[in-house]
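Student: Supplied structure: upload.cif, mmCIF, C-alpha atoms and all ligand atoms.
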```cif
data_input
#
loop_
_atom_site.label_atom_id
_atom_site.label_comp_id
_atom_site.auth_asym_id
_atom_site.auth_seq_id
_atom_site.Cartn_x
_atom_site.Cartn_y
_atom_site.Cartn_z
CA MET A 227 0.82 20.88 21.32
CA GLN A 228 -0.76 18.50 23.82
CA SER A 229 -1.39 19.05 27.52
CA LYS A 230 -0.96 16.65 30.42
CA SER A 231 -4.53 15.49 29.93
CA SER A 232 -3.98 14.59 26.24
CA PRO A 233 -4.70 10.94 25.51
CA LYS A 234 -1.61 8.77 25.19
CA ILE A 235 -1.45 6.89 21.89
CA VAL A 236 1.19 4.27 21.17
CA VAL A 237 1.49 3.33 17.49
CA ILE A 238 3.16 0.00 16.72
CA GLY A 239 4.80 0.16 13.30
CA GLY A 240 6.88 2.82 11.58
CA GLY A 241 5.67 2.27 8.01
CA ILE A 242 3.45 4.67 6.08
CA ALA A 243 0.29 3.45 7.87
CA GLY A 244 1.58 4.07 11.39
CA LEU A 245 3.48 7.27 10.61
CA SER A 246 0.66 8.97 8.71
CA LEU A 247 -1.82 8.14 11.48
CA ALA A 248 0.62 9.35 14.13
CA ALA A 249 1.04 12.65 12.28
CA ALA A 250 -2.75 13.04 11.99
CA VAL A 251 -3.32 12.73 15.78
CA ALA A 252 -0.20 14.55 17.01
CA GLY A 253 -2.06 17.85 17.37
CA TRP A 254 -4.29 16.59 20.18
CA ALA A 255 -2.67 13.40 21.49
CA ASP A 256 0.58 12.43 23.15
CA VAL A 257 1.91 10.02 20.51
CA THR A 258 4.79 7.56 20.50
CA VAL A 259 5.64 5.42 17.45
CA LEU A 260 7.49 2.18 18.19
CA GLU A 261 9.35 0.57 15.28
CA ARG A 262 11.30 -2.66 15.59
CA GLU A 263 13.81 -1.90 12.85
CA THR A 264 16.56 0.69 13.18
CA HIS A 265 15.06 2.85 10.46
CA LEU A 266 11.55 3.79 9.37
CA GLY A 267 9.91 2.29 6.31
CA TYR A 268 12.24 -0.72 6.23
CA HIS A 269 9.58 -3.28 5.21
CA ALA A 270 6.69 -2.83 2.72
CA SER A 271 6.91 0.97 2.84
CA GLY A 272 10.50 0.93 1.59
CA ARG A 273 9.84 -1.48 -1.28
CA SER A 274 6.85 -0.19 -3.25
CA ALA A 275 6.48 0.75 -6.90
CA ALA A 276 5.29 4.19 -5.75
CA LEU A 277 2.28 4.51 -8.04
CA PHE A 278 -0.95 6.36 -7.29
CA THR A 279 -3.74 5.05 -9.49
CA GLU A 280 -7.42 5.73 -8.95
CA THR A 281 -8.51 2.63 -10.87
CA TYR A 282 -6.73 0.03 -8.72
CA GLY A 283 -8.31 -2.29 -6.16
CA ASN A 284 -11.92 -2.82 -5.14
CA ARG A 285 -14.62 -0.14 -4.84
CA LEU A 286 -13.61 0.97 -1.35
CA VAL A 287 -9.91 1.07 -2.16
CA ARG A 288 -10.69 3.24 -5.19
CA ALA A 289 -12.81 5.56 -3.04
CA LEU A 290 -10.03 5.86 -0.42
CA THR A 291 -7.60 6.62 -3.22
CA LEU A 292 -9.83 9.28 -4.79
CA ALA A 293 -10.14 10.94 -1.37
CA SER A 294 -6.32 11.06 -1.11
CA ARG A 295 -5.57 12.86 -4.38
CA GLN A 296 -5.83 16.35 -2.95
CA ALA A 297 -3.45 15.56 -0.07
CA ILE A 298 -1.00 13.82 -2.43
CA VAL A 299 -0.96 16.73 -4.87
CA GLY A 300 -1.20 19.47 -2.22
CA GLY A 301 1.51 17.84 -0.11
CA GLY A 302 3.95 18.02 -3.02
CA PHE A 303 4.24 14.21 -3.14
CA VAL A 304 3.79 13.83 -6.91
CA ALA A 305 7.13 12.87 -8.43
CA HIS A 306 6.01 12.41 -12.04
CA ARG A 307 2.78 12.38 -14.08
CA ARG A 308 3.23 8.76 -15.10
CA GLY A 309 -0.07 7.38 -16.46
CA ALA A 310 -1.05 3.72 -16.27
CA LEU A 311 -1.84 1.44 -19.18
CA HIS A 312 -3.61 -1.94 -18.99
CA VAL A 313 -2.59 -3.90 -22.09
CA GLY A 314 -4.73 -6.56 -23.76
CA TRP A 315 -3.62 -9.18 -26.27
CA SER A 316 -5.19 -11.27 -28.97
CA GLY A 317 -8.68 -12.32 -27.82
CA ASP A 318 -8.87 -9.71 -25.06
CA ASP A 319 -10.98 -7.13 -26.99
CA ALA A 320 -14.18 -7.72 -25.05
CA ALA A 321 -12.37 -7.70 -21.70
CA ILE A 322 -10.57 -4.45 -22.58
CA ASP A 323 -13.85 -2.82 -23.70
CA ARG A 324 -15.50 -3.89 -20.45
CA LEU A 325 -12.62 -2.62 -18.33
CA ALA A 326 -12.59 0.71 -20.18
CA GLY A 327 -16.32 1.18 -19.52
CA GLU A 328 -16.00 0.23 -15.85
CA LEU A 329 -13.02 2.49 -15.17
CA GLN A 330 -14.37 5.44 -17.17
CA ALA A 331 -17.47 5.45 -14.97
CA LEU A 332 -15.20 6.02 -11.98
CA VAL A 333 -12.46 8.18 -13.49
CA PRO A 334 -13.72 10.10 -16.56
CA SER A 335 -10.24 10.76 -17.94
CA VAL A 336 -9.69 7.03 -18.50
CA ARG A 337 -9.96 6.01 -22.15
CA ARG A 338 -9.81 3.03 -24.48
CA MET A 339 -6.61 3.06 -26.53
CA SER A 340 -6.28 1.42 -29.95
CA ALA A 341 -3.44 -0.91 -30.82
CA ALA A 342 -1.82 1.79 -32.99
CA GLU A 343 -2.05 4.44 -30.26
CA LEU A 344 -0.66 2.02 -27.72
CA ASN A 345 2.27 1.18 -30.00
CA ALA A 346 2.96 4.90 -30.47
CA LEU A 347 3.06 5.43 -26.70
CA VAL A 348 5.08 2.29 -25.85
CA PRO A 349 6.88 1.27 -29.07
CA VAL A 350 8.29 -1.96 -27.58
CA ILE A 351 4.77 -3.43 -27.79
CA ALA A 352 4.03 -4.24 -31.43
CA ALA A 353 0.66 -3.09 -32.77
CA GLU A 354 0.03 -6.63 -34.10
CA ALA A 355 0.59 -8.14 -30.65
CA THR A 356 -2.01 -6.09 -28.79
CA CYS A 357 -5.72 -5.43 -29.11
CA GLY A 358 -5.14 -2.06 -27.43
CA GLY A 359 -5.56 -1.09 -23.84
CA VAL A 360 -7.12 1.08 -21.19
CA TYR A 361 -5.19 4.24 -20.37
CA GLU A 362 -5.43 6.22 -17.12
CA PRO A 363 -3.54 9.47 -17.88
CA ASP A 364 -3.73 10.93 -14.38
CA ALA A 365 -1.98 8.11 -12.51
CA VAL A 366 1.17 9.54 -10.89
CA ASP A 367 4.42 8.39 -9.34
CA VAL A 368 4.57 9.44 -5.70
CA ASP A 369 7.71 10.28 -3.75
CA THR A 370 7.34 7.65 -1.03
CA GLY A 371 10.45 8.74 0.85
CA LYS A 372 9.08 12.26 1.02
CA MET A 373 5.72 10.97 2.29
CA LEU A 374 7.40 9.01 5.09
CA ALA A 375 9.64 11.94 5.99
CA ALA A 376 6.75 14.44 5.93
CA SER A 377 4.71 12.31 8.34
CA ALA A 378 7.69 11.86 10.66
CA SER A 379 8.36 15.63 10.62
CA ALA A 380 4.70 16.52 11.25
CA LEU A 381 4.61 14.06 14.13
CA LYS A 382 7.72 15.54 15.74
CA ALA A 383 6.48 19.09 15.15
CA GLY A 384 3.32 18.12 17.08
CA GLY A 385 5.44 16.92 20.00
CA GLY A 386 5.28 13.21 19.10
CA VAL A 387 8.15 10.78 19.57
CA ILE A 388 9.57 8.04 17.32
CA ARG A 389 11.52 5.17 18.87
CA THR A 390 13.27 2.92 16.36
CA GLY A 391 14.97 -0.35 17.28
CA GLU A 392 12.15 -1.09 19.74
CA ASP A 393 10.44 -4.42 19.22
CA VAL A 394 7.10 -4.60 20.99
CA ARG A 395 6.99 -7.96 22.77
CA ALA A 396 4.04 -7.65 25.18
CA ILE A 397 0.81 -5.66 25.51
CA SER A 398 -1.04 -5.81 28.81
CA ARG A 399 -3.89 -4.04 30.58
CA ASN A 400 -3.38 -1.88 33.65
CA GLY A 401 -6.83 -0.75 34.74
CA SER A 402 -8.39 1.06 31.79
CA ALA A 403 -5.00 1.72 30.18
CA PHE A 404 -2.48 -0.39 28.29
CA GLU A 405 1.17 -1.08 28.92
CA VAL A 406 3.22 -1.69 25.79
CA GLU A 407 6.53 -3.38 26.52
CA THR A 408 9.78 -3.42 24.58
CA ALA A 409 13.23 -4.50 25.75
CA ALA A 410 14.00 -0.86 26.54
CA ALA A 411 10.88 0.43 28.30
CA VAL A 412 7.21 0.07 29.19
CA TYR A 413 4.98 2.64 27.46
CA PRO A 414 1.59 3.48 29.01
CA ALA A 415 -1.21 4.09 26.51
CA ASP A 416 -4.91 4.93 26.41
CA ILE A 417 -5.03 3.81 22.78
CA VAL A 418 -2.80 1.23 21.09
CA VAL A 419 -2.67 1.41 17.30
CA ASN A 420 -1.76 -1.84 15.58
CA ALA A 421 -0.08 -0.69 12.36
CA ALA A 422 2.39 -3.56 12.20
CA GLY A 423 2.00 -4.35 8.47
CA ALA A 424 2.57 -8.06 7.87
CA TRP A 425 2.72 -8.61 11.65
CA VAL A 426 -0.72 -7.17 12.57
CA ASP A 427 -2.26 -10.48 13.60
CA LEU A 428 0.82 -11.33 15.70
CA VAL A 429 0.66 -7.98 17.50
CA ALA A 430 -3.05 -8.55 18.21
CA ALA A 431 -2.15 -11.91 19.76
CA MET A 432 0.13 -10.08 22.23
CA ALA A 433 -2.99 -8.26 23.44
CA GLY A 434 -4.86 -11.57 23.78
CA LEU A 435 -6.90 -11.14 20.58
CA SER A 436 -7.36 -13.68 17.82
CA GLY A 437 -6.30 -12.36 14.42
CA LEU A 438 -8.56 -11.17 11.62
CA GLY A 439 -7.01 -13.44 8.97
CA PHE A 440 -4.53 -11.03 7.39
CA GLN A 441 -2.36 -12.62 4.70
CA PRO A 442 1.04 -11.24 3.70
CA LYS A 443 1.74 -11.85 0.01
CA ARG A 444 5.20 -11.53 -1.50
CA ARG A 445 5.75 -9.37 -4.59
CA THR A 446 9.00 -9.38 -6.55
CA ALA A 447 10.57 -6.52 -8.50
CA PHE A 448 13.90 -5.61 -10.11
CA LEU A 449 15.57 -2.96 -12.27
CA PHE A 450 16.72 -3.23 -15.86
CA ASP A 451 18.15 -0.97 -18.54
CA ALA A 452 15.94 0.74 -21.10
CA PRO A 453 16.44 -0.37 -24.73
CA ALA A 454 19.42 1.45 -26.28
CA GLY A 455 18.40 4.82 -27.69
CA ALA A 456 14.80 4.63 -26.43
CA ASP A 457 13.27 7.66 -24.75
CA ILE A 458 11.30 6.02 -21.94
CA SER A 459 10.55 9.23 -20.04
CA GLY A 460 6.96 9.39 -21.35
CA TRP A 461 6.14 5.72 -20.88
CA PRO A 462 3.34 4.94 -18.44
CA LEU A 463 3.27 2.02 -16.04
CA VAL A 464 2.44 -0.88 -18.36
CA VAL A 465 0.47 -3.67 -16.74
CA ASP A 466 -0.64 -6.87 -18.41
CA LEU A 467 -4.45 -7.17 -18.40
CA HIS A 468 -4.11 -10.55 -16.67
CA GLU A 469 -1.62 -9.16 -14.09
CA GLN A 470 1.14 -11.49 -15.24
CA PHE A 471 3.77 -8.70 -15.14
CA TYR A 472 4.24 -4.95 -15.15
CA PHE A 473 7.02 -2.49 -15.93
CA LYS A 474 7.48 1.25 -15.51
CA PRO A 475 10.24 3.84 -15.87
CA ASP A 476 12.20 4.71 -12.75
CA ALA A 477 15.01 7.27 -12.75
CA GLY A 478 16.17 6.50 -16.31
CA ARG A 479 15.85 2.72 -15.96
CA LEU A 480 12.82 0.40 -15.76
CA ILE A 481 11.28 -1.43 -12.83
CA GLY A 482 9.95 -4.87 -13.77
CA SER A 483 7.71 -7.06 -11.66
CA LEU A 484 6.06 -10.45 -11.82
CA ALA A 485 2.99 -8.92 -10.14
CA ASP A 486 3.17 -12.03 -7.96
CA GLU A 487 1.12 -12.63 -4.82
CA THR A 488 2.73 -15.55 -2.99
CA ASP A 489 1.32 -16.32 0.46
CA THR A 490 4.13 -15.90 2.99
CA GLU A 491 4.68 -15.76 6.74
CA PRO A 492 5.56 -12.27 8.06
CA CYS A 493 9.29 -11.88 7.42
CA ASP A 494 12.03 -9.76 5.87
CA ALA A 495 11.00 -10.70 2.33
CA TRP A 496 13.61 -11.79 -0.17
CA PRO A 497 13.19 -12.32 -3.95
CA GLU A 498 13.31 -15.84 -5.38
CA ASP A 499 15.53 -16.17 -8.50
CA ILE A 500 12.80 -18.14 -10.27
CA ASP A 501 10.27 -15.31 -9.83
CA VAL A 502 12.70 -12.80 -11.33
CA ALA A 503 13.42 -15.19 -14.23
CA ILE A 504 9.70 -15.75 -14.96
CA ALA A 505 9.04 -12.00 -14.94
CA VAL A 506 11.95 -11.38 -17.33
CA ASP A 507 10.65 -14.08 -19.65
CA ARG A 508 7.09 -12.73 -19.66
CA ILE A 509 8.20 -9.15 -20.35
CA GLU A 510 10.50 -10.34 -23.15
CA GLN A 511 7.68 -12.43 -24.68
CA ALA A 512 5.29 -9.48 -24.64
CA THR A 513 7.69 -6.80 -25.90
CA SER A 514 10.74 -6.34 -28.12
CA MET A 515 12.90 -5.66 -25.03
CA ARG A 516 15.81 -7.96 -24.21
CA ILE A 517 16.45 -7.63 -20.52
CA GLY A 518 19.43 -9.91 -20.13
CA ARG A 519 20.58 -9.59 -16.57
CA PRO A 520 18.28 -7.58 -14.30
CA SER A 521 19.82 -5.85 -11.30
CA THR A 522 18.86 -5.04 -7.74
CA PRO A 523 16.03 -7.57 -7.29
CA TRP A 524 13.87 -7.06 -4.23
CA ALA A 525 10.68 -8.36 -2.68
CA GLY A 526 8.18 -6.94 -0.24
CA LEU A 527 5.06 -8.12 1.52
CA ARG A 528 1.67 -6.72 0.54
CA THR A 529 -0.66 -7.64 3.39
CA PHE A 530 -4.38 -8.11 2.72
CA ALA A 531 -7.46 -8.58 4.87
CA PRO A 532 -9.67 -11.46 3.67
CA ASP A 533 -11.84 -9.04 1.60
CA ARG A 534 -8.84 -7.04 0.32
CA THR A 535 -10.14 -3.83 1.93
CA PRO A 536 -8.00 -2.12 4.62
CA VAL A 537 -9.08 -2.37 8.24
CA ALA A 538 -9.32 0.80 10.35
CA GLY A 539 -11.21 0.83 13.62
CA PHE A 540 -11.41 -0.11 17.29
CA ASP A 541 -11.66 -3.76 18.19
CA PRO A 542 -15.05 -4.28 19.91
CA ARG A 543 -13.46 -7.00 22.09
CA LEU A 544 -10.83 -4.74 23.66
CA PRO A 545 -11.61 -1.03 24.25
CA GLY A 546 -8.79 1.21 23.07
CA PHE A 547 -7.19 -1.33 20.72
CA PHE A 548 -7.21 0.15 17.18
CA TRP A 549 -6.49 -1.82 14.00
CA LEU A 550 -4.82 -0.11 11.03
CA GLY A 551 -3.86 -2.94 8.69
CA GLY A 552 -4.37 -4.58 5.33
CA GLN A 553 -3.08 -1.76 3.13
CA GLY A 554 -2.24 -4.44 0.55
CA GLY A 555 -0.78 -3.02 -2.65
CA TYR A 556 -2.28 0.42 -2.05
CA GLY A 557 -0.67 1.68 1.17
CA PHE A 558 0.71 4.93 -0.21
CA GLN A 559 -2.37 5.81 -2.19
CA VAL A 560 -4.78 5.29 0.72
CA SER A 561 -2.68 6.16 3.79
CA LEU A 562 -3.48 9.86 4.07
CA THR A 563 -7.23 9.24 3.88
CA LEU A 564 -7.07 6.33 6.32
CA ALA A 565 -5.08 8.51 8.72
CA ARG A 566 -7.69 11.31 8.64
CA LEU A 567 -10.52 8.81 9.00
CA SER A 568 -8.81 6.95 11.88
CA ALA A 569 -8.06 10.20 13.70
CA ALA A 570 -11.79 11.08 13.53
CA LEU A 571 -12.76 7.66 14.89
CA MET A 572 -10.31 8.05 17.79
CA ARG A 573 -11.75 11.45 18.70
CA GLY A 574 -15.33 10.22 18.36
CA ALA A 575 -15.84 12.83 15.63
CA PRO A 576 -17.86 12.36 12.42
CA LEU A 577 -15.86 11.06 9.48
CA PRO A 578 -14.67 13.84 7.13
CA ALA A 579 -17.49 14.68 4.70
CA ASP A 580 -15.33 14.37 1.57
CA ILE A 581 -14.61 10.75 2.51
CA THR A 582 -18.20 9.72 3.29
CA ALA A 583 -19.35 11.47 0.08
CA LEU A 584 -17.38 8.81 -1.80
CA GLY A 585 -19.36 6.03 -0.13
CA VAL A 586 -16.87 5.12 2.61
CA SER A 587 -18.38 4.29 6.01
CA ALA A 588 -16.78 3.40 9.33
CA ALA A 589 -18.60 0.05 9.28
CA ALA A 590 -17.09 -0.91 5.90
CA LEU A 591 -13.57 -0.57 7.34
CA ALA A 592 -14.24 -1.82 10.89
CA PRO A 593 -12.62 -5.03 12.19
CA ASP A 594 -16.09 -6.17 13.27
CA ARG A 595 -16.77 -7.47 9.76
CA PHE A 596 -14.43 -10.40 10.44
CA LEU A 597 -15.66 -11.18 13.95
CA VAL A 598 -18.39 -13.74 14.45
CA PRO A 599 -21.01 -12.25 16.79
CA ALA A 600 -21.30 -14.15 20.10
CA ALA A 601 -24.19 -16.62 19.97
CA THR A 602 -27.23 -15.50 21.97
CA PRO A 603 -28.28 -18.04 24.61
C1 LIG B 701 6.68 -4.61 -4.55
C2 LIG B 701 5.63 -3.72 -3.96
C3 LIG B 701 5.04 -2.74 -4.75
C4 LIG B 701 4.09 -1.87 -4.20
N1 LIG B 701 3.61 -0.85 -4.98
C5 LIG B 701 2.75 0.07 -4.44
C6 LIG B 701 2.32 1.17 -5.21
O1 LIG B 701 2.69 1.34 -6.36
N2 LIG B 701 1.46 2.07 -4.61
C7 LIG B 701 1.03 1.91 -3.31
O2 LIG B 701 0.26 2.75 -2.83
N3 LIG B 701 1.44 0.85 -2.57
C8 LIG B 701 2.29 -0.06 -3.10
N4 LIG B 701 2.71 -1.13 -2.35
C9 LIG B 701 2.08 -1.36 -1.05
C10 LIG B 701 2.64 -0.47 0.06
O3 LIG B 701 4.05 -0.50 0.02
C11 LIG B 701 2.11 -1.02 1.40
O4 LIG B 701 0.70 -1.11 1.37
C12 LIG B 701 2.48 -0.13 2.57
O5 LIG B 701 3.85 0.15 2.57
C13 LIG B 701 2.09 -0.81 3.90
O6 LIG B 701 2.50 0.04 4.95
P1 LIG B 701 2.43 -0.43 6.46
O7 LIG B 701 2.87 0.71 7.28
O8 LIG B 701 1.09 -1.05 6.71
O9 LIG B 701 3.46 -1.65 6.56
P2 LIG B 701 5.07 -1.64 6.74
O10 LIG B 701 5.71 -0.63 5.88
O11 LIG B 701 5.52 -3.06 6.57
O12 LIG B 701 5.26 -1.18 8.25
C14 LIG B 701 4.93 -2.01 9.34
C15 LIG B 701 6.04 -1.84 10.35
O13 LIG B 701 5.66 -2.47 11.59
C16 LIG B 701 6.86 -2.88 12.23
N5 LIG B 701 6.55 -3.88 13.25
C17 LIG B 701 5.96 -5.07 13.08
N6 LIG B 701 5.86 -5.71 14.27
C18 LIG B 701 6.40 -4.90 15.19
C19 LIG B 701 6.61 -5.01 16.60
N7 LIG B 701 6.25 -6.11 17.29
N8 LIG B 701 7.22 -3.98 17.26
C20 LIG B 701 7.60 -2.85 16.58
N9 LIG B 701 7.43 -2.71 15.24
C21 LIG B 701 6.85 -3.72 14.56
C22 LIG B 701 7.66 -3.47 11.07
O14 LIG B 701 9.05 -3.52 11.38
C23 LIG B 701 7.34 -2.52 9.92
O15 LIG B 701 8.34 -1.53 9.74
C24 LIG B 701 3.68 -2.01 -2.85
C25 LIG B 701 4.27 -3.00 -2.05
C26 LIG B 701 5.23 -3.84 -2.59
C27 LIG B 701 5.86 -4.86 -1.69
#
```
Starting from the file, lay out its structure as C-alpha cells.

Tutor:
Amino acid sequence: MQSKSSPKIVVIGGGIAGLSLAAAVAGWADVTVLERETHLGYHASGRSAALFTETYGNRLVRALTLASRQAIVGGGFVAHRRGALHVGWSGDDAAIDRLAGELQALVPSVRRMSAAELNALVPVIAAEATCGGVYEPDAVDVDTGKMLAASASALKAGGGVIRTGEDVRAISRNGSAFEVETAAAVYPADIVVNAAGAWVDLVAAMAGLSGLGFQPKRRTAFLFDAPAGADISGWPLVVDLHEQFYFKPDAGRLIGSLADETDTEPCDAWPEDIDVAIAVDRIEQATSMRIGRPSTPWAGLRTFAPDRTPVAGFDPRLPGFFWLGGQGGYGFQVSLTLARLSAALMRGAPLPADITALGVSAAALAPDRFLVPAATP
C-alpha cells in the first residue's frame, strides 16, 4: 500500500492496456484509472477473438507474447487449448513450407500439416481443396473478461481507484506535475499514462503533443451455428494463409471474421453489412459450411503504430507523459508483459531479465522511434 510520498499516476483508458499497467504499479504508486465509458473494456478490449498465439505479429510482438505465456497460464486465464491452423490452397505449397520453417524456428511445437491431416482435424475443409497447413498446437483461448477483472481487482487491492464515466478533456502542467481534467474533477499526477486505445493520438494532443501516427483499423466478426451433427470442440482457429478470413469455435458456435483492416477514425465501431456478407461468402467458398444468416455481428478497432509494434515509454518532449498504445490485434497476448516492462521504466528499474532475454529493449518500444530529432544548428 502506498504512502503519502508515493508518485501519483493517472491512467487514461480502462481497456486491458491501461488496467494491466495500473495493476502492475499499484503496489508502489497512487493510481487512478479514468475511463470515459460507464464500464471497463467497452471498446477493443470487449470485442476481441481472445486468442493467444505465439506465432502472430512481427518479431517484437512474438517476443512480447512469448514473455506473457507464464503469466497467462499461471494467472488461470487459459479458457481452452485451442490451437491455430494456417491453411494453404492450391499453389500455396511453397508459401506453407516457408511459413512452417519460419514459425518452427520460433515455436518448436509448430508443424507442417498435410492435406489429409488437415481434413481429419477440420473436416469441412476438403483434402482436395487444400495443400495442407501450418499448425500451432499450443495456441490457447484466453478468458478476456477474467483478465480485465483480475487487473481491476489487483489495482483496487493495491489501493488504486477506477473512475468510469469520466472523459478526460484537458491535460495541463502545474509546475512539475500534471492536472488531468474531466467534467467531474481535476486529478493531479506526476505521471500520466496514455492508454486510450484508438484515441491515443487525440489524448496526446490534449497535452500539446503531436501524435505518433497511430491508425485504428476496423475488424468485423460475427457468430454462426456449427454444421448439424459436427463436433467442433476440437477445431483450432482456422485462418486463411492470405488472411482473407478466419473462424474458430466459441461456446458451441463459431466466430467468423473477414480479418479486415479498414482504416477508421477513433469511434464506437460498428460492422458494415457488406463486410459480414463478404466474410460469409469466403468461408462458404473455402469450406462445406453453409452459414446462412450469421448472428450478433460486431466490429472493433485494432490500433497500430506505423511499424505495427506497440509503443511503451516516456515521451522525451514532455517529462512524465507515458505512451502505452498500438496493441493492434495482440492486446491480450502482450498486455501483461507490457505492463511489467512499463512499470520498470516508470520506476527507473532495469527491464525484467526474462523480457530482455527475448530480444526486447526499451528503445525498440520507445515513442522516440517516431520522433524526428531536432535539427542541430
Ligand atoms: C475483432 C477483434 C479481434 C481481436 N482479437 C484478438 C485476439 O485474438 N487476441 C488478442 O490478444 N487481441 C485481439 N484483439 C486486439 C485487442 O482487443 C486490443 O489490442 C486491445 O483490446 C487494446 O486494448 P487497449 O486498452 O489499448 O484499448 P481499448 O480496449 O480500446 O481501451 C482504451 C480505452 O480508452 C478510453 N478512452 C479513450 N479516450 C479517453 C478519454 N479522453 N478519457 C477517458 N477514457 C478514454 C476508451 O473509452 C477505451 O475504453 C482483437 C481486436 C478486435 C477488434

Student: Chain A near ligand LIG 701 (chain B) within 6 Å: what's each residue's closest atom pair and its distance in Å to one decimal, counting all atoms listed in the file, ordered by chain then ascending residue number, as a Markdown table?

Tutor:
```
| residue | atom | partner | partner_atom | distance |
| --- | --- | --- | --- | --- |
| A:Ile238 | CA | B:LIG701 | N9 | 5.3 |
| A:Gly239 | CA | B:LIG701 | O13 | 3.3 |
| A:Gly240 | CA | B:LIG701 | C15 | 4.9 |
| A:Gly241 | CA | B:LIG701 | O7 | 3.3 |
| A:Ile242 | CA | B:LIG701 | O7 | 4.2 |
| A:Ala243 | CA | B:LIG701 | O7 | 3.8 |
| A:Gly244 | CA | B:LIG701 | O7 | 5.5 |
| A:Leu260 | CA | B:LIG701 | C20 | 5.3 |
| A:Glu261 | CA | B:LIG701 | N9 | 3.8 |
| A:Arg262 | CA | B:LIG701 | C20 | 3.8 |
| A:Glu263 | CA | B:LIG701 | O14 | 5.2 |
| A:Gly267 | CA | B:LIG701 | O10 | 5.1 |
| A:Tyr268 | CA | B:LIG701 | O15 | 5.3 |
| A:His269 | CA | B:LIG701 | O11 | 4.3 |
| A:Ala270 | CA | B:LIG701 | O10 | 4.0 |
| A:Ser271 | CA | B:LIG701 | O5 | 3.2 |
| A:Arg273 | CA | B:LIG701 | C27 | 5.2 |
| A:Ser274 | CA | B:LIG701 | C4 | 3.4 |
| A:Ala275 | CA | B:LIG701 | N1 | 3.8 |
| A:Ala276 | CA | B:LIG701 | O1 | 3.9 |
| A:Leu277 | CA | B:LIG701 | O1 | 3.6 |
| A:Phe278 | CA | B:LIG701 | N2 | 5.6 |
| A:Glu392 | CA | B:LIG701 | C20 | 5.8 |
| A:Asp393 | CA | B:LIG701 | N8 | 3.8 |
| A:Val394 | CA | B:LIG701 | N8 | 3.8 |
| A:Arg395 | CA | B:LIG701 | N7 | 5.8 |
| A:Ala421 | CA | B:LIG701 | O8 | 5.8 |
| A:Ala422 | CA | B:LIG701 | O13 | 3.5 |
| A:Gly423 | CA | B:LIG701 | O9 | 3.6 |
| A:Ala424 | CA | B:LIG701 | O11 | 5.9 |
| A:Trp425 | CA | B:LIG701 | C17 | 5.0 |
| A:Val429 | CA | B:LIG701 | N7 | 5.9 |
| A:Arg445 | CA | B:LIG701 | C1 | 4.9 |
| A:Thr446 | CA | B:LIG701 | C1 | 5.7 |
| A:Ala447 | CA | B:LIG701 | C1 | 5.9 |
| A:Ala525 | CA | B:LIG701 | C1 | 5.8 |
| A:Gly526 | CA | B:LIG701 | C27 | 3.4 |
| A:Leu527 | CA | B:LIG701 | C27 | 4.6 |
| A:Arg528 | CA | B:LIG701 | C27 | 5.1 |
| A:Gly551 | CA | B:LIG701 | O8 | 5.7 |
| A:Gln553 | CA | B:LIG701 | O4 | 4.2 |
| A:Gly554 | CA | B:LIG701 | O4 | 4.5 |
| A:Gly555 | CA | B:LIG701 | C9 | 3.7 |
| A:Tyr556 | CA | B:LIG701 | O2 | 3.5 |
| A:Gly557 | CA | B:LIG701 | O4 | 3.1 |
| A:Phe558 | CA | B:LIG701 | O2 | 3.4 |
| A:Gln559 | CA | B:LIG701 | O2 | 4.1 |
```

Student: Go through A:Ala248, A:Leu286, A:Pro453, A:Trp524 and flag the residue nearest Ala589 of chain A, using only C-alpha atoms for the distances.

Tutor: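 Residue with the minimum atom-to-atom distance to Ala589 of chain A: A:Leu286.
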
Student: So which residues fall inside 10 Å of (1.0, 0.6, -20.2) if we count all atoms listed in the file? Mind giving them as a PyMOL selection string?

Tutor: chain A and resi 308-314+344-345+347-348+351+358-362+461-467+472-474

Student: Of the candidates A:Ser246, A:Val257, A:Phe471, A:Lys443, which shows the shortest atom-to-atom distance to Glu487 of chain A, using all atoms listed in the file?

Tutor: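 Checking each candidate against Glu487 of chain A, we get A:Lys443 as the closest.
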
Student: Which value, in Å to one decimal, gives the distance between atom CA of Ala342 of chain A and atom CA of Ala355 of chain A?

Tutor: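 Going from atom CA of Ala342 of chain A over to atom CA of Ala355 of chain A, I get 10.5 Å.
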
Student: I need the residue nearest Val406 of chain A from this list: A:Val560, A:Val237, A:Val598, A:Ala575. Use only C-alpha atoms for the distance.

Tutor: A:Val237

Student: Determine, counting all atoms listed in the file, which protein, DNA and RNA residues have an atom within 7 Å of an atom of Ser521 of chain A; residues of the same chain fewer than 3 positions away are not included. Present the result as a VMD selection string.

Tutor: chain A and resid 448 to 450

Student: Work out how far apart atom CA of Ala590 of chain A and atom CA of Thr535 of chain A are and give it in Å to one decimal.

Tutor: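 Spanning atom CA of Ala590 of chain A to atom CA of Thr535 of chain A is a straight-line distance of 8.5 Å.
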
Student: Between atom CA of Val350 of chain A and atom CA of Asp323 of chain A, what distance in Å does the model show, to one decimal?

Tutor: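 If I compute the distance from atom CA of Val350 of chain A to atom CA of Asp323 of chain A, I get 22.5 Å.
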
Student: Of the candidates A:Leu266, A:Ala289, A:Arg516, A:Ser436, which one gets nearest to Ser587 of chain A if we count all atoms listed in the file?

Tutor: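 Closest to Ser587 of chain A, using all atoms listed in the file: A:Ala289.
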
Student: Residues at most 12 Å from Leu571 of chain A, counting all atoms listed in the file, excluding those fewer than 2 positions away in the same chain, as a ChimeraX atom specification?

Tutor: /A:247,250-251,417,538-541,546,548-550,564-569,573-578,587-589,591-592
